[in-house]
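Trainee: The structure's right below; bear with me while I get my questions together.
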Amino acid sequence: MNRSGEVVSGGPVRSAPAPAPAGRPAEPQLKGVVWERTGDGLRVVYDRRDQFLIADPDGVVEALLGLLREGGRTVDAVARALSVGRDPMPVADVSAAVALLDEHGLLEDGARRGALPPAEAERHFSNLAFFESFASLSRSREDFHRTLRSAHVLVLGTGGLNSNTIPHLAGLGVGRLTLLDRDAVEARNFARQYLYRWSEIGMRKVDRAAAWVRAFDPTIEVEAIDVGIDGPEQLGELLDRLRPDVVASGIDHPDGVDLWVNAACVPRGVPFVRGGMWVTEGVVFSVDPGRSACLRCYFRPGTAAGLSEDATTVRAGLRLLSTRSRTNRGIGPVAGLLGALTAFEVLRYLTGLEPPAYAALPVTIDFAAGCATRQDEWARDPACPVCRPRTDHGVAAGDDGPRSATPGRG
Ligand SMILES: [Zn+2]
């Protein structure tokens, strides 16, 4: 099989796929693939970045694609159908061809589809169509959807950042959301917090955010917790009680709260995603416990260790800037973009459709330079008191690092 263009590849799947329907062998189903004949071959396209040129002098491949597009046949049945009016087609040959097509992301298992109630399939029509791109014989688009429906995200803060994350999580159909915030709705929120209504000024923000989710999609389980964060122990207790799959953090107070989130999440193996904004810069990063460096690594003692002169200078400037009185300057388009990127990173963690993109690799967006982006990886600190290999799973200590230079403000 000859091909040109960039290979589209899904990352390793983290969540185990749903078990195959009991007793039902796979029924390979061609995705939304189109092809045309070019002399003795076929031009086959699924993704615009990727096309396949397949030799097919006797038309067998085209016949195979036609049968796979119809679906509803096992490999054995496909082999039998291909043998009608031709030489007998060995099952092993069909099996090898199916494996090759699956390897290139062109198939999913029709036997793993069709279980969703029609109303649910209609509600999630575009989500399912998106997941088709990442589906395979071992994991259908509906498997991705079911993973999201059974997922639980703890959303820390329902303000500037996460009021733009929550709608995306709800739209994706994340089955359970726990929202935490301690503020009331204020007039100044309306530059970027579109979950709230003018008539709700003075009301508790987290209650209104939860009401928004319930009104948007009553099938989403949502809990509101009207409280602030006062330390890593409190966060640890929350995580132990709630057992979320991922934390989406958009809070910037009290000082040091990001390190508290880090200290609570990392030992418990709970990934967290943090979005935030400076004056005309935005950033999204995540921490993937056991796989990536953690936030405490970024604040390793002896700041010059492992950092370039530029990075050290930048960090010193951030510390100085952090002493300035806080004014959140995030406008709606900025918060909206960061909220969307945060939600997409959460989606990566929940479904494993591709590896996390910002794990210890924050993406920074310069809103004063055409939204130019850059990514700078953090090095892992082998002596990190939070993420170094350990046997106990208590809340890590040692979070006496810099408090306010964390890239991000909610
Ligand atoms: Zn660390």
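Residue names in the structure tokens use chain letters A, B, ... in the order shown, residue numbers from 1 in each chain, and ligand numbers from 1 in the order shown.
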Using only C-alpha atoms and all ligand atoms, determine which residues fall within 10 Å of ligand 1, then list them as a PyMOL selection string.
Mentor: chain A and resi 262-263+266+287+289-290+292-300+360+378-389
Trainee: Can you tell me, as a PyMOL selection string, what residues are no more than 8 Å from Ala170 (chain A) when counting only C-alpha atoms, ignoring any on the same chain fewer than 4 positions away?
Mentor: chain A and resi 166+174+213+216-217+220
Trainee: Pick the closest to Arg123 (chain A) from A:His104, A:His145, A:Arg192, A:Lys205: which is it, counting only C-alpha atoms?
Mentor: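 With only C-alpha atoms as the atom set, the closest residue is A:His145.
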Trainee: For the atom pair CA of Phe367 (chain A) and CA of Gly330 (chain A), what is the interatomic distance in Å to one decimal place?
Mentor: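 So the two atoms, CA of Phe367 (chain A) and CA of Gly330 (chain A), lie 10.4 Å apart.
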Trainee: Expressed in Å to a single decimal, how great is the separation between CA of Ile365 (chain A) and CA of Val283 (chain A)?
Mentor: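 Distance between the two atoms: 6.2 Å.
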Trainee: For Ala26 (chain A), please output as a ChimeraX atom specification all residues within 7 Å (counting only C-alpha atoms; exclusion window: fewer than 3 positions along the same chain).
Mentor: /A:74,109,111
Trainee: Could you turn the residues from that selection into a file that holds N, CA and C atoms, as a short mmCIF file (atom, residue, chain, number, x, y, z; two decimals), in the first residue's frame?
Mentor:
```cif
data_model
loop_
_atom_site.label_atom_id
_atom_site.label_comp_id
_atom_site.auth_asym_id
_atom_site.auth_seq_id
_atom_site.Cartn_x
_atom_site.Cartn_y
_atom_site.Cartn_z
N THR A 74 -18.76 -10.38 9.31
CA THR A 74 -17.50 -10.76 9.94
C THR A 74 -16.45 -10.95 8.85
N ASP A 109 -15.37 -1.18 14.53
CA ASP A 109 -16.14 -2.42 14.65
C ASP A 109 -17.63 -2.10 14.69
N ALA A 111 -19.96 -4.02 15.15
CA ALA A 111 -20.64 -4.76 16.22
C ALA A 111 -20.59 -4.00 17.54
#
```
Trainee: Between A:Pro362, A:Gly339, A:Gly250, A:Gly370, which one has atoms that come closest to Thr280 (chain A), using only C-alpha atoms?
Mentor: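 Answer, going by the shortest atom-to-atom distance: A:Gly370.
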Trainee: Within 12 Å of Arg149 (chain A), counting only C-alpha atoms, which residues qualify if same-chain residues fewer than 4 places away don't, as a ChimeraX atom specification?
Mentor: /A:116,120,124,127,142-145,153,169-177,219-221,245,347,350-351
Trainee: Could you turn the residues from that selection into a file that holds N, CA, C and O atoms, as a compact mmCIF listing (two decimals), in the first residue's frame?
Mentor:
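Output contents, as saved in part.txt:
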```
# COMPACT_ATOMS: atom_id res chain seq x y z
N LEU A 116 -26.48 2.81 21.38
CA LEU A 116 -26.97 4.05 22.00
C LEU A 116 -28.44 4.27 21.65
O LEU A 116 -28.84 4.08 20.50
N GLU A 120 -30.03 9.76 22.41
CA GLU A 120 -28.67 10.04 22.87
C GLU A 120 -27.71 10.17 21.69
O GLU A 120 -26.83 11.05 21.67
N HIS A 124 -25.62 13.62 20.75
CA HIS A 124 -24.15 13.61 20.67
C HIS A 124 -23.68 13.34 19.23
O HIS A 124 -22.58 12.83 19.03
N ASN A 127 -20.27 14.84 18.48
CA ASN A 127 -19.23 14.19 19.28
C ASN A 127 -18.88 12.83 18.69
O ASN A 127 -17.71 12.47 18.55
N GLU A 142 -18.63 4.97 19.81
CA GLU A 142 -19.53 4.90 20.97
C GLU A 142 -18.79 4.52 22.24
O GLU A 142 -19.19 4.91 23.33
N ASP A 143 -17.70 3.77 22.10
CA ASP A 143 -16.87 3.47 23.28
C ASP A 143 -16.29 4.76 23.85
O ASP A 143 -16.25 4.96 25.07
N PHE A 144 -15.80 5.65 22.97
CA PHE A 144 -15.28 6.94 23.44
C PHE A 144 -16.38 7.71 24.17
O PHE A 144 -16.15 8.28 25.24
N HIS A 145 -17.54 7.72 23.59
CA HIS A 145 -18.66 8.44 24.19
C HIS A 145 -19.00 7.87 25.57
O HIS A 145 -19.19 8.63 26.53
N VAL A 153 -15.29 15.02 36.38
CA VAL A 153 -14.29 16.09 36.40
C VAL A 153 -14.60 17.02 37.57
O VAL A 153 -15.74 17.47 37.74
N LEU A 169 -17.14 21.03 28.53
CA LEU A 169 -17.24 19.72 29.18
C LEU A 169 -18.68 19.22 29.11
O LEU A 169 -18.94 18.03 28.89
N ALA A 170 -19.63 20.14 29.30
CA ALA A 170 -21.03 19.75 29.23
C ALA A 170 -21.41 19.35 27.80
O ALA A 170 -22.11 18.36 27.58
N GLY A 171 -20.93 20.10 26.83
CA GLY A 171 -21.23 19.78 25.44
C GLY A 171 -20.67 18.43 25.03
O GLY A 171 -21.31 17.69 24.28
N LEU A 172 -19.49 18.10 25.56
CA LEU A 172 -18.89 16.79 25.27
C LEU A 172 -19.67 15.66 25.92
O LEU A 172 -19.55 14.51 25.52
N GLY A 173 -20.44 16.01 26.94
CA GLY A 173 -21.24 14.99 27.61
C GLY A 173 -20.53 14.31 28.76
O GLY A 173 -20.86 13.16 29.09
N VAL A 174 -19.55 14.99 29.37
CA VAL A 174 -18.93 14.43 30.57
C VAL A 174 -20.05 14.16 31.58
O VAL A 174 -20.85 15.04 31.89
N GLY A 175 -20.09 12.93 32.08
CA GLY A 175 -21.28 12.51 32.82
C GLY A 175 -21.46 13.14 34.18
O GLY A 175 -22.59 13.28 34.66
N ARG A 176 -20.36 13.53 34.81
CA ARG A 176 -20.46 14.07 36.17
C ARG A 176 -19.49 15.23 36.33
O ARG A 176 -18.30 15.10 36.04
N LEU A 177 -20.00 16.34 36.81
CA LEU A 177 -19.18 17.51 37.09
C LEU A 177 -19.39 17.93 38.54
O LEU A 177 -20.52 18.02 39.01
N THR A 219 -29.08 15.40 31.79
CA THR A 219 -28.51 14.07 32.04
C THR A 219 -27.15 14.15 32.71
O THR A 219 -26.60 13.12 33.10
N ILE A 220 -26.59 15.35 32.83
CA ILE A 220 -25.29 15.49 33.48
C ILE A 220 -25.50 15.64 34.98
O ILE A 220 -26.27 16.49 35.43
N GLU A 221 -24.81 14.81 35.74
CA GLU A 221 -24.87 14.90 37.19
C GLU A 221 -23.93 16.03 37.64
O GLU A 221 -22.75 16.01 37.30
N ASP A 245 -11.81 11.87 37.92
CA ASP A 245 -10.83 11.33 36.97
C ASP A 245 -9.80 12.39 36.61
O ASP A 245 -8.64 12.08 36.34
N LEU A 347 -10.27 16.39 27.81
CA LEU A 347 -10.77 15.34 26.91
C LEU A 347 -9.68 14.32 26.60
O LEU A 347 -9.93 13.10 26.56
N LEU A 350 -9.29 12.08 29.63
CA LEU A 350 -10.44 11.22 29.90
C LEU A 350 -10.55 10.09 28.89
O LEU A 350 -10.91 8.97 29.25
N THR A 351 -10.27 10.36 27.64
CA THR A 351 -10.51 9.36 26.60
C THR A 351 -9.24 8.70 26.09
O THR A 351 -9.30 7.62 25.50
```
Trainee: Report as a ChimeraX atom specification: the residues of region 74-293 of chain A with a DSSP assignment of strand (DSSP E or B), based on the backbone of this structure.
Mentor: /A:107-109,136,139,152-156,176-181,184,204,221-226,246-249,272-277,281-287
Trainee: Restrict the calculation to only C-alpha atoms, then for each residue of region 73-179 of chain A with any atom at most 10 Å from an atom of region 229-243 of chain A give the closest atom pair and their distance in Å to one decimal, rows by chain and rising residue number, as a Markdown table.
Mentor:
```
| residue | atom | partner | partner_atom | distance |
| --- | --- | --- | --- | --- |
| A:His152 | CA | A:Arg243 | CA | 8.0 |
| A:Val153 | CA | A:Arg243 | CA | 9.0 |
| A:Leu154 | CA | A:Leu242 | CA | 8.1 |
| A:Leu156 | CA | A:Ile229 | CA | 8.9 |
| A:Gly157 | CA | A:Ile229 | CA | 9.8 |
| A:Thr178 | CA | A:Leu242 | CA | 8.3 |
```
Trainee: Taking into account only C-alpha atoms, which residue in the set A:Val61, A:Ala151, A:Ala119, A:Ala79 is nearest to Leu101 (chain A)?
Mentor: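 Of all the options, A:Val61 lies closest to Leu101 (chain A).
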Trainee: In region 119-324 of chain A, what's alpha helix (DSSP H) per DSSP? Answer as a ChimeraX atom specification?
Mentor: /A:119-123,125-132,141-149,166-172,205-216,232-242,257-268,295-298,309-321
Trainee: What does the distance between CA of Ala264 (chain A) and CA of Val155 (chain A) come to in Å, to one decimal place?
Mentor: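 Answer for the CA of Ala264 (chain A) to CA of Val155 (chain A) separation: 14.4 Å.
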Trainee: Hey, what's within 12 Å of Gly39 (chain A) if we count only C-alpha atoms and toss same-chain stuff fewer than 4 positions away? As an MDAnalysis selection string, please?
Mentor: chainID A and resid 43 53:59
Trainee: I'd like to know which of A:Val279, A:Gly317, A:Glu200, A:Gln193 is closest to Asn164 (chain A), using only C-alpha atoms.
Mentor: A:Gln193
Trainee: Mind checking which residues fall within 9 Å of Ser95 (chain A), counting only C-alpha atoms, ignoring those fewer than 5 positions away in the same chain, and posting them as a PDB file with all heavy atoms, in the first residue's frame?
Mentor:
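Wrote out26.pdb, looks like this:
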```pdb
ATOM      1  N   VAL A  75     -15.214 -11.149   9.276  1.00  0.00           N
ATOM      2  CA  VAL A  75     -14.150 -11.397   8.297  1.00  0.00           C
ATOM      3  C   VAL A  75     -14.469 -12.645   7.481  1.00  0.00           C
ATOM      4  O   VAL A  75     -14.287 -12.666   6.249  1.00  0.00           O
ATOM      5  CB  VAL A  75     -12.789 -11.526   9.016  1.00  0.00           C
ATOM      6  CG1 VAL A  75     -11.735 -12.094   8.069  1.00  0.00           C
ATOM      7  CG2 VAL A  75     -12.338 -10.173   9.552  1.00  0.00           C
ATOM      8  N   ASP A  76     -14.960 -13.687   8.146  1.00  0.00           N
ATOM      9  CA  ASP A  76     -15.329 -14.912   7.424  1.00  0.00           C
ATOM     10  C   ASP A  76     -16.390 -14.620   6.357  1.00  0.00           C
ATOM     11  O   ASP A  76     -16.310 -15.102   5.220  1.00  0.00           O
ATOM     12  CB  ASP A  76     -15.880 -15.962   8.403  1.00  0.00           C
ATOM     13  CG  ASP A  76     -14.764 -16.598   9.222  1.00  0.00           C
ATOM     14  OD1 ASP A  76     -13.596 -16.183   9.050  1.00  0.00           O
ATOM     15  OD2 ASP A  76     -15.061 -17.502  10.024  1.00  0.00           O
ATOM     16  N   ALA A  79     -14.969 -12.809   3.421  1.00  0.00           N
ATOM     17  CA  ALA A  79     -14.215 -13.731   2.548  1.00  0.00           C
ATOM     18  C   ALA A  79     -15.168 -14.539   1.671  1.00  0.00           C
ATOM     19  O   ALA A  79     -14.913 -14.735   0.467  1.00  0.00           O
ATOM     20  CB  ALA A  79     -13.346 -14.658   3.398  1.00  0.00           C
ATOM     21  N   PRO A  90      -9.015 -16.675   0.495  1.00  0.00           N
ATOM     22  CA  PRO A  90      -8.660 -17.199   1.824  1.00  0.00           C
ATOM     23  C   PRO A  90      -9.027 -16.196   2.924  1.00  0.00           C
ATOM     24  O   PRO A  90      -8.803 -14.990   2.780  1.00  0.00           O
ATOM     25  CB  PRO A  90      -7.142 -17.382   1.742  1.00  0.00           C
ATOM     26  CG  PRO A  90      -6.818 -17.407   0.280  1.00  0.00           C
ATOM     27  CD  PRO A  90      -7.852 -16.537  -0.385  1.00  0.00           C
ATOM     28  N   LEU A 100      -4.562  -4.400   8.127  1.00  0.00           N
ATOM     29  CA  LEU A 100      -3.816  -3.281   7.542  1.00  0.00           C
ATOM     30  C   LEU A 100      -4.681  -2.014   7.491  1.00  0.00           C
ATOM     31  O   LEU A 100      -4.232  -0.913   7.834  1.00  0.00           O
ATOM     32  CB  LEU A 100      -3.349  -3.668   6.141  1.00  0.00           C
ATOM     33  CG  LEU A 100      -2.331  -2.738   5.476  1.00  0.00           C
ATOM     34  CD1 LEU A 100      -1.055  -2.649   6.312  1.00  0.00           C
ATOM     35  CD2 LEU A 100      -2.005  -3.229   4.066  1.00  0.00           C
TER      36      LEU A 100
END
```
Trainee: Taking only C-alpha atoms into account, name the residue in A:Glu132, A:Asp288, A:Asp207, A:Glu62 that is nearest to Val44 (chain A).
Mentor: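 The answer is A:Glu62, which sits nearest to Val44 (chain A).
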